[in-house]
Each structure stands twice: as C-alpha cells, then as structure tokens.
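See below for the structure under consideration.
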Amino acid sequence: MSFGVVHGSPQAIWVPISYAAAATTIYVGGIVAEHMDNVTAKDGVIMMEQASGAWNTTIFNVPFGVVIGTNLRDPVFNTTGKCEYITTASPHDSTKEYVLTGGPYIGGGHEAFAKVNVIDPCTVLKGSLVDSAVGTAPTVGTVTTGCGGDGVDCVTSAMSVATVAGFSTIYFRTGANKGTYRILDSASDTTHTWDTPCYADVAVGDTAVAVNVLPFGVSKVQLLATYSTCFDIDEAVTGAYFAIDVLRLDLAEQYKEYVEFRWNPINWAPLAGARA
C-alpha cells in the first residue's frame with residue numbers, strides 16, 4: 001500500500017528532512033517534495049502535500065522522490081498509515097539515535113535523514129488506489145438496472161465517489177463483461193454511461209468498480225492526506241488535483257487496485273516561478 005519505482009529512477013540518495021523550527025514526519029513509501037516555498041527554510045524534504053488548485057497550480061510542491069528508508073536506529077511503525085516513519089527533532093543536543101548515512105553528509109548520524117529513490121518525468125511508478133484510508137478498497141457496486149440492450153449504460157448501488165465525465169473509469173468485476181474497462185461520460189456514483197458498447201448486455205447483479213483515474217493517458221489524481229503513500233480515489237478531482245500519465249490501471253482484485261504511471265512534466269513547471 002505504498003508507492004514504488006517500477007523503473008527509471010536516476011539514483012537512490014540520502015537527503016536531510018526539513019525541520020524549520022518545527023517537527024516534520026516522513027513516511028516510508030510516500031512521495032516527498034523539496035521544501036521550497038520561498039518562505040520557510042529550505043533545509044530538507046517534506047511529504048508531498050495534497051494538490052491545491054487545478055493541476056496543483058496553487059502551491060509550488062514538486063515531486064522529488066519515493067522514500068525507501070530512514071536513518072532512525074530503531075524503526076517505528078504507523079499503524080494507521082501501515083508504514084515506517086521518522087519524525088525530526090532539533091539536532092541541537094538531540095538524544096535520538098541515528099545511523100550514519102555515508103556520502104557527503106558527515107553529520108548524518110546526528111539528525112534525521114530519509115533515503116529516497118529520486119524521480120523525474122521519465123520515472124515509472126506504481127501506486128495503490130484506496131478509498132480515504134490505507135487498507136480501504138474502492139467500493140464495489142452491484143448493477144440494479146441493466147443497459148437495456150445497447151451496452152453503454154447501467155445503474156449500480158453507490159460507488160465510492162461521484163465520477164468526473166471524461167476522467168473516470170468503470171471496470172466490470174463479474175458478469176459477461178468481466179474484465180472490461182470503459183471511460184465514463186457520466187458524473188454520478190450510481191448512474192454510469194460510456195461511448196463504446198460492451199461485448200454483452202450489462203445485467204442486474206453484475207458487479208463493477210469506478211474510480212476517478214483513467215486507464216491510460218493524462219489523468220487527474222489526488223494523494224492520500226497526511227501520508228502521501230497512495231492515491232485517494234474518494235477525492236472528487238474537480239477543484240484540486242495532480243496530473244499523471246497513466247500507463248496501466250489494474251482494478252481486477254479488491255484491495256489490490258493500483259496504477260502504473262509517470263508524473264506529468266507539468267508537475268515540474270512551478271520550478272520556474274518558485275525560483276525566479
């Protein structure tokens with residue numbers, strides 16, 4: 001239930017974690033960003049915040065990498081986020097025990113560091129899809145009204161979230177159309193329409209799942225709040241969202257839903273304004 005690099009990471013490096021007069025918590029498996037908002041000290045990485053504004057144009061957080069470890073001598077585990085984590089403390093007279101990181105940071109044994117797989121617009125990642133919390137799968141809907149013979153619509157019990165026309169996908173888990181993906185024209189958590197007819201009629205009792213992620217191409221997504229270790233499909237992605245390039249969407253198994261993707265280059269565009 002966390003992000004991982006499929007291929008294309010330039011390298012794995014140790015980086016300091018932002019303190020800036022307040023503690024920062026970093027979660028293993030999450031996406032981190034440079035602390036570069038031109039207001040607070042840029043002394044390390046922070047967790048990638050949720051997108052703010054369309055295509056995340058309101059804030060200047062830029063994806064830097066996926067956390068794969070920390071230098072905390074005795075690892076600690078977050079039971080809600082289901083991952084290891086590290087929280088910074090002031091290095092001055094700190095009694096926390098860290099292991100040496102090597103490399104250019106000779107003080108790595110005296111302050112909090114994270115080991116990060118660096119990412120760029122060409123890096124392919126895999127991320128889980130959850131409904132509001134780690135370990136909660138997208139809601140499976142049961143068809144209550146079939147397609148009526150044309151294979152381009154159905155009504156189901158309530159899904160996790162109202163879909164977004166042109167940016168959502170329905171996947172049939174059972175029935176004659178099992179394994180079929182369709183991009184939705186509808187904006188509802190119960191009434192679904194699409195353009196390309198299914199192979200067979202959608203029948204009452206079939207099951208399906210709908211998410212606000214496309215099966216390929218440029219898609220809108222939102223990170224899970226706090227942990228940034230996966231994408232939250234319970235987000236409406238109508239006012240605040242990131243852009244990703246989807247390479248593979250897999251909704252075949254409950255609790256194993258995932259997407260393989262690249263961060264769209266637009267996520268690096270704020271660098272010009274942030275560092276002007």
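Chain labels run A, B, ... following the order of the structure tokens; each chain numbers its residues from 1, and ligands are numbered from 1 in the order shown.
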
Identify, on the basis of only C-alpha atoms, every residue whose closest approach to A:Thr95 does not exceed 10 Å; exclude the query and any residue fewer than 6 positions from it along the same chain; express the result as a PDB file with C-alpha atoms, in the first residue's frame.
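Below is the file part_28.pdb, written as the result:
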```pdb
ATOM      1  CA  ALA A  89      13.844  16.713  16.237  1.00  0.00           C
ATOM      2  CA  HIS A 110      23.181  13.357  14.339  1.00  0.00           C
ATOM      3  CA  GLU A 111      19.971  14.303  12.544  1.00  0.00           C
TER       4      GLU A 111
END
```

Exercise. Please provide the set of residues having any atom within 6 Å of stretch 134-150 of chain A, restricted to only C-alpha atoms, with same-chain residues fewer than 6 positions apart removed, written as JSON, numbers by chain.
Key: {"A": [81, 156, 157, 159, 160, 201, 202, 203, 204, 205, 206, 207, 208, 209, 255]}

Restricted to N, CA and C atoms, what would the selected residues look like written as a PDB file, in the first residue's frame?
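For reference, again.pdb as written:
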```
ATOM      1  N   GLY A  81      -1.241   4.450   8.892  1.00  0.00           N
ATOM      2  CA  GLY A  81      -0.686   4.543   7.550  1.00  0.00           C
ATOM      3  C   GLY A  81      -0.049   3.255   7.077  1.00  0.00           C
ATOM      4  N   THR A 156     -25.979   1.344 -10.760  1.00  0.00           N
ATOM      5  CA  THR A 156     -25.446   0.471  -9.711  1.00  0.00           C
ATOM      6  C   THR A 156     -25.782   1.009  -8.329  1.00  0.00           C
ATOM      7  N   SER A 157     -25.527   0.200  -7.331  1.00  0.00           N
ATOM      8  CA  SER A 157     -25.534   0.719  -5.962  1.00  0.00           C
ATOM      9  C   SER A 157     -24.393   1.729  -5.849  1.00  0.00           C
ATOM     10  N   MET A 159     -21.206   3.830  -5.514  1.00  0.00           N
ATOM     11  CA  MET A 159     -19.759   3.636  -5.549  1.00  0.00           C
ATOM     12  C   MET A 159     -19.104   4.567  -4.520  1.00  0.00           C
ATOM     13  N   SER A 160     -17.781   4.574  -4.509  1.00  0.00           N
ATOM     14  CA  SER A 160     -17.055   5.374  -3.521  1.00  0.00           C
ATOM     15  C   SER A 160     -17.244   6.871  -3.708  1.00  0.00           C
ATOM     16  N   ASP A 201     -24.756  -7.448 -22.943  1.00  0.00           N
ATOM     17  CA  ASP A 201     -25.593  -6.580 -22.120  1.00  0.00           C
ATOM     18  C   ASP A 201     -25.101  -6.590 -20.681  1.00  0.00           C
ATOM     19  N   VAL A 202     -25.088  -5.410 -20.044  1.00  0.00           N
ATOM     20  CA  VAL A 202     -24.826  -5.329 -18.613  1.00  0.00           C
ATOM     21  C   VAL A 202     -26.101  -5.759 -17.903  1.00  0.00           C
ATOM     22  N   ALA A 203     -25.981  -6.750 -17.019  1.00  0.00           N
ATOM     23  CA  ALA A 203     -27.169  -7.352 -16.412  1.00  0.00           C
ATOM     24  C   ALA A 203     -27.282  -7.029 -14.933  1.00  0.00           C
ATOM     25  N   VAL A 204     -28.493  -7.060 -14.430  1.00  0.00           N
ATOM     26  CA  VAL A 204     -28.728  -6.890 -12.992  1.00  0.00           C
ATOM     27  C   VAL A 204     -27.952  -7.967 -12.243  1.00  0.00           C
ATOM     28  N   GLY A 205     -27.251  -7.539 -11.194  1.00  0.00           N
ATOM     29  CA  GLY A 205     -26.450  -8.469 -10.407  1.00  0.00           C
ATOM     30  C   GLY A 205     -24.975  -8.463 -10.762  1.00  0.00           C
ATOM     31  N   ASP A 206     -24.603  -7.939 -11.948  1.00  0.00           N
ATOM     32  CA  ASP A 206     -23.184  -7.783 -12.279  1.00  0.00           C
ATOM     33  C   ASP A 206     -22.555  -6.823 -11.268  1.00  0.00           C
ATOM     34  N   THR A 207     -21.266  -6.941 -11.068  1.00  0.00           N
ATOM     35  CA  THR A 207     -20.574  -6.026 -10.152  1.00  0.00           C
ATOM     36  C   THR A 207     -19.502  -5.248 -10.896  1.00  0.00           C
ATOM     37  N   ALA A 208     -19.249  -4.038 -10.410  1.00  0.00           N
ATOM     38  CA  ALA A 208     -18.268  -3.160 -11.058  1.00  0.00           C
ATOM     39  C   ALA A 208     -17.681  -2.218 -10.019  1.00  0.00           C
ATOM     40  N   VAL A 209     -16.575  -1.602 -10.393  1.00  0.00           N
ATOM     41  CA  VAL A 209     -15.953  -0.590  -9.543  1.00  0.00           C
ATOM     42  C   VAL A 209     -15.618   0.602 -10.424  1.00  0.00           C
ATOM     43  N   TYR A 255      -8.715  -4.649  -2.925  1.00  0.00           N
ATOM     44  CA  TYR A 255      -7.579  -4.390  -2.046  1.00  0.00           C
ATOM     45  C   TYR A 255      -6.235  -4.446  -2.776  1.00  0.00           C
TER      46      TYR A 255
END
```

Practice problem: Return the single residue from A:Pro16, A:Ala225, A:Pro75, A:Leu129 that is closest to A:Pro104, with distances computed using only C-alpha atoms. | Solution: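 Of A:Pro16, A:Ala225, A:Pro75, A:Leu129, the one nearest A:Pro104, counting only C-alpha atoms, is A:Pro16.
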
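Among the candidates A:Trp55, A:Tyr27, A:Tyr98, A:Tyr227, the one nearest to A:Phe77 when counting only C-alpha atoms is A:Tyr27.
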
Quiz item: Which residue out of A:Gln50, A:Thr169, A:Thr25, A:Thr196 has the minimum interatomic distance to A:Glu235 when only C-alpha atoms are used?
Solution: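 Counting only C-alpha atoms, the residue closest to A:Glu235 is A:Gln50.
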
Practice problem: Could you pull out the residues in stretch 51-174 of chain A that DSSP calls strand (DSSP E) from the backbone, as a PyMOL selection string? | Solution: chain A and resi 63-70+76-78+83-87+113-118+124-130+141-145+153-156+169-172

Could you write out that same residue set with N, CA and C atoms as a short mmCIF file (atom, residue, chain, number, x, y, z; two decimals), in the first residue's frame?
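Final output, part.cif:
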```
data_model
loop_
_atom_site.label_atom_id
_atom_site.label_comp_id
_atom_site.auth_asym_id
_atom_site.auth_seq_id
_atom_site.Cartn_x
_atom_site.Cartn_y
_atom_site.Cartn_z
N PRO A 63 7.37 16.99 -7.02
CA PRO A 63 7.78 15.64 -6.59
C PRO A 63 9.29 15.45 -6.72
N PHE A 64 9.89 14.94 -5.65
CA PHE A 64 11.34 14.74 -5.64
C PHE A 64 11.72 13.26 -5.64
N GLY A 65 10.97 12.43 -4.88
CA GLY A 65 11.32 11.02 -4.83
C GLY A 65 10.39 10.22 -3.96
N VAL A 66 10.65 8.91 -3.93
CA VAL A 66 9.90 7.96 -3.09
C VAL A 66 10.79 7.55 -1.93
N VAL A 67 10.27 7.67 -0.72
CA VAL A 67 11.05 7.30 0.47
C VAL A 67 11.17 5.78 0.57
N ILE A 68 12.39 5.29 0.70
CA ILE A 68 12.60 3.85 0.81
C ILE A 68 13.25 3.46 2.13
N GLY A 69 13.58 4.45 2.99
CA GLY A 69 14.16 4.12 4.28
C GLY A 69 14.50 5.37 5.06
N THR A 70 14.86 5.18 6.33
CA THR A 70 15.28 6.29 7.19
C THR A 70 16.54 5.89 7.94
N VAL A 76 10.25 2.77 13.72
CA VAL A 76 8.92 2.83 14.33
C VAL A 76 7.88 2.70 13.21
N PHE A 77 6.68 2.20 13.58
CA PHE A 77 5.67 1.86 12.60
C PHE A 77 4.38 2.61 12.90
N ASN A 78 3.78 3.17 11.87
CA ASN A 78 2.49 3.85 12.00
C ASN A 78 1.39 2.87 11.63
N CYS A 83 2.94 1.92 7.69
CA CYS A 83 4.28 2.14 7.14
C CYS A 83 5.21 2.62 8.25
N GLU A 84 6.52 2.48 8.02
CA GLU A 84 7.50 3.05 8.94
C GLU A 84 7.54 4.57 8.75
N TYR A 85 8.00 5.26 9.78
CA TYR A 85 8.09 6.71 9.67
C TYR A 85 9.21 7.24 10.54
N ILE A 86 9.56 8.49 10.33
CA ILE A 86 10.57 9.17 11.14
C ILE A 86 10.11 10.60 11.34
N THR A 87 10.26 11.10 12.57
CA THR A 87 9.89 12.48 12.89
C THR A 87 11.13 13.23 13.32
N PHE A 113 17.44 11.73 8.51
CA PHE A 113 17.60 11.66 7.06
C PHE A 113 16.62 10.62 6.50
N ALA A 114 16.30 10.78 5.23
CA ALA A 114 15.50 9.78 4.52
C ALA A 114 16.27 9.31 3.30
N LYS A 115 16.17 8.03 3.01
CA LYS A 115 16.74 7.51 1.77
C LYS A 115 15.64 7.53 0.72
N VAL A 116 15.96 8.11 -0.43
CA VAL A 116 14.93 8.40 -1.44
C VAL A 116 15.36 7.89 -2.81
N ASN A 117 14.44 7.21 -3.48
CA ASN A 117 14.61 6.94 -4.91
C ASN A 117 14.18 8.19 -5.65
N VAL A 118 15.13 8.89 -6.25
CA VAL A 118 14.84 10.13 -6.95
C VAL A 118 13.96 9.84 -8.17
N VAL A 124 8.88 5.65 -14.01
CA VAL A 124 7.61 4.93 -13.93
C VAL A 124 7.42 4.43 -12.50
N LEU A 125 6.28 4.74 -11.90
CA LEU A 125 5.98 4.33 -10.53
C LEU A 125 4.71 3.49 -10.49
N LYS A 126 4.55 2.78 -9.40
CA LYS A 126 3.33 2.03 -9.13
C LYS A 126 2.75 2.54 -7.83
N GLY A 127 1.45 2.83 -7.83
CA GLY A 127 0.80 3.34 -6.64
C GLY A 127 -0.53 2.68 -6.39
N SER A 128 -0.82 2.40 -5.13
CA SER A 128 -2.10 1.80 -4.76
C SER A 128 -3.22 2.84 -4.83
N LEU A 129 -4.44 2.33 -5.03
CA LEU A 129 -5.64 3.17 -5.04
C LEU A 129 -6.50 2.78 -3.84
N VAL A 130 -6.78 3.74 -2.97
CA VAL A 130 -7.54 3.45 -1.76
C VAL A 130 -8.72 4.39 -1.65
N GLY A 141 -19.77 -1.79 -6.71
CA GLY A 141 -21.20 -1.56 -6.93
C GLY A 141 -21.85 -2.75 -7.60
N THR A 142 -23.10 -2.99 -7.26
CA THR A 142 -23.89 -4.06 -7.88
C THR A 142 -24.92 -3.43 -8.82
N VAL A 143 -24.97 -3.95 -10.03
CA VAL A 143 -25.88 -3.39 -11.04
C VAL A 143 -27.34 -3.63 -10.62
N THR A 144 -28.11 -2.55 -10.57
CA THR A 144 -29.53 -2.63 -10.24
C THR A 144 -30.43 -2.45 -11.46
N THR A 145 -29.89 -1.78 -12.48
CA THR A 145 -30.60 -1.61 -13.75
C THR A 145 -29.61 -1.87 -14.88
N ASP A 153 -24.63 1.74 -20.82
CA ASP A 153 -25.01 2.38 -19.57
C ASP A 153 -25.47 1.33 -18.55
N CYS A 154 -25.56 1.75 -17.31
CA CYS A 154 -26.13 0.93 -16.26
C CYS A 154 -26.30 1.78 -15.01
N VAL A 155 -27.06 1.25 -14.07
CA VAL A 155 -27.23 1.88 -12.76
C VAL A 155 -26.76 0.88 -11.72
N THR A 156 -25.98 1.34 -10.76
CA THR A 156 -25.45 0.47 -9.71
C THR A 156 -25.78 1.01 -8.33
N THR A 169 -13.15 5.91 -14.75
CA THR A 169 -13.18 4.60 -15.39
C THR A 169 -14.09 3.66 -14.61
N ILE A 170 -14.90 2.87 -15.33
CA ILE A 170 -15.65 1.78 -14.71
C ILE A 170 -15.04 0.47 -15.18
N TYR A 171 -14.95 -0.49 -14.25
CA TYR A 171 -14.39 -1.81 -14.56
C TYR A 171 -15.37 -2.86 -14.05
N PHE A 172 -15.70 -3.81 -14.91
CA PHE A 172 -16.65 -4.85 -14.53
C PHE A 172 -15.92 -6.04 -13.91
#
```

Quiz item: Neighbours of A:Asn61 within 7 Å (only C-alpha atoms; same-chain residues fewer than 4 positions away dropped), as a PyMOL selection string?
Solution: chain A and resi 33-34+48

Pull C-alpha atoms from the residues just selected and write them as a PDB file, in the first residue's frame.
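Saved file result_21.pdb follows:
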```pdb
ATOM      1  CA  ALA A  33       8.998  17.146  -2.168  1.00  0.00           C
ATOM      2  CA  GLU A  34      11.665  19.784  -1.746  1.00  0.00           C
ATOM      3  CA  MET A  48       4.330  15.922  -0.823  1.00  0.00           C
TER       4      MET A  48
END
```

Quiz item: In terms of the shortest atom-to-atom distance over only C-alpha atoms, which of A:Ala236, A:Val213, A:Ala243, A:Ile17 is closest to A:Asp189?
Solution: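 Of all the options, A:Ala236 lies closest to A:Asp189.
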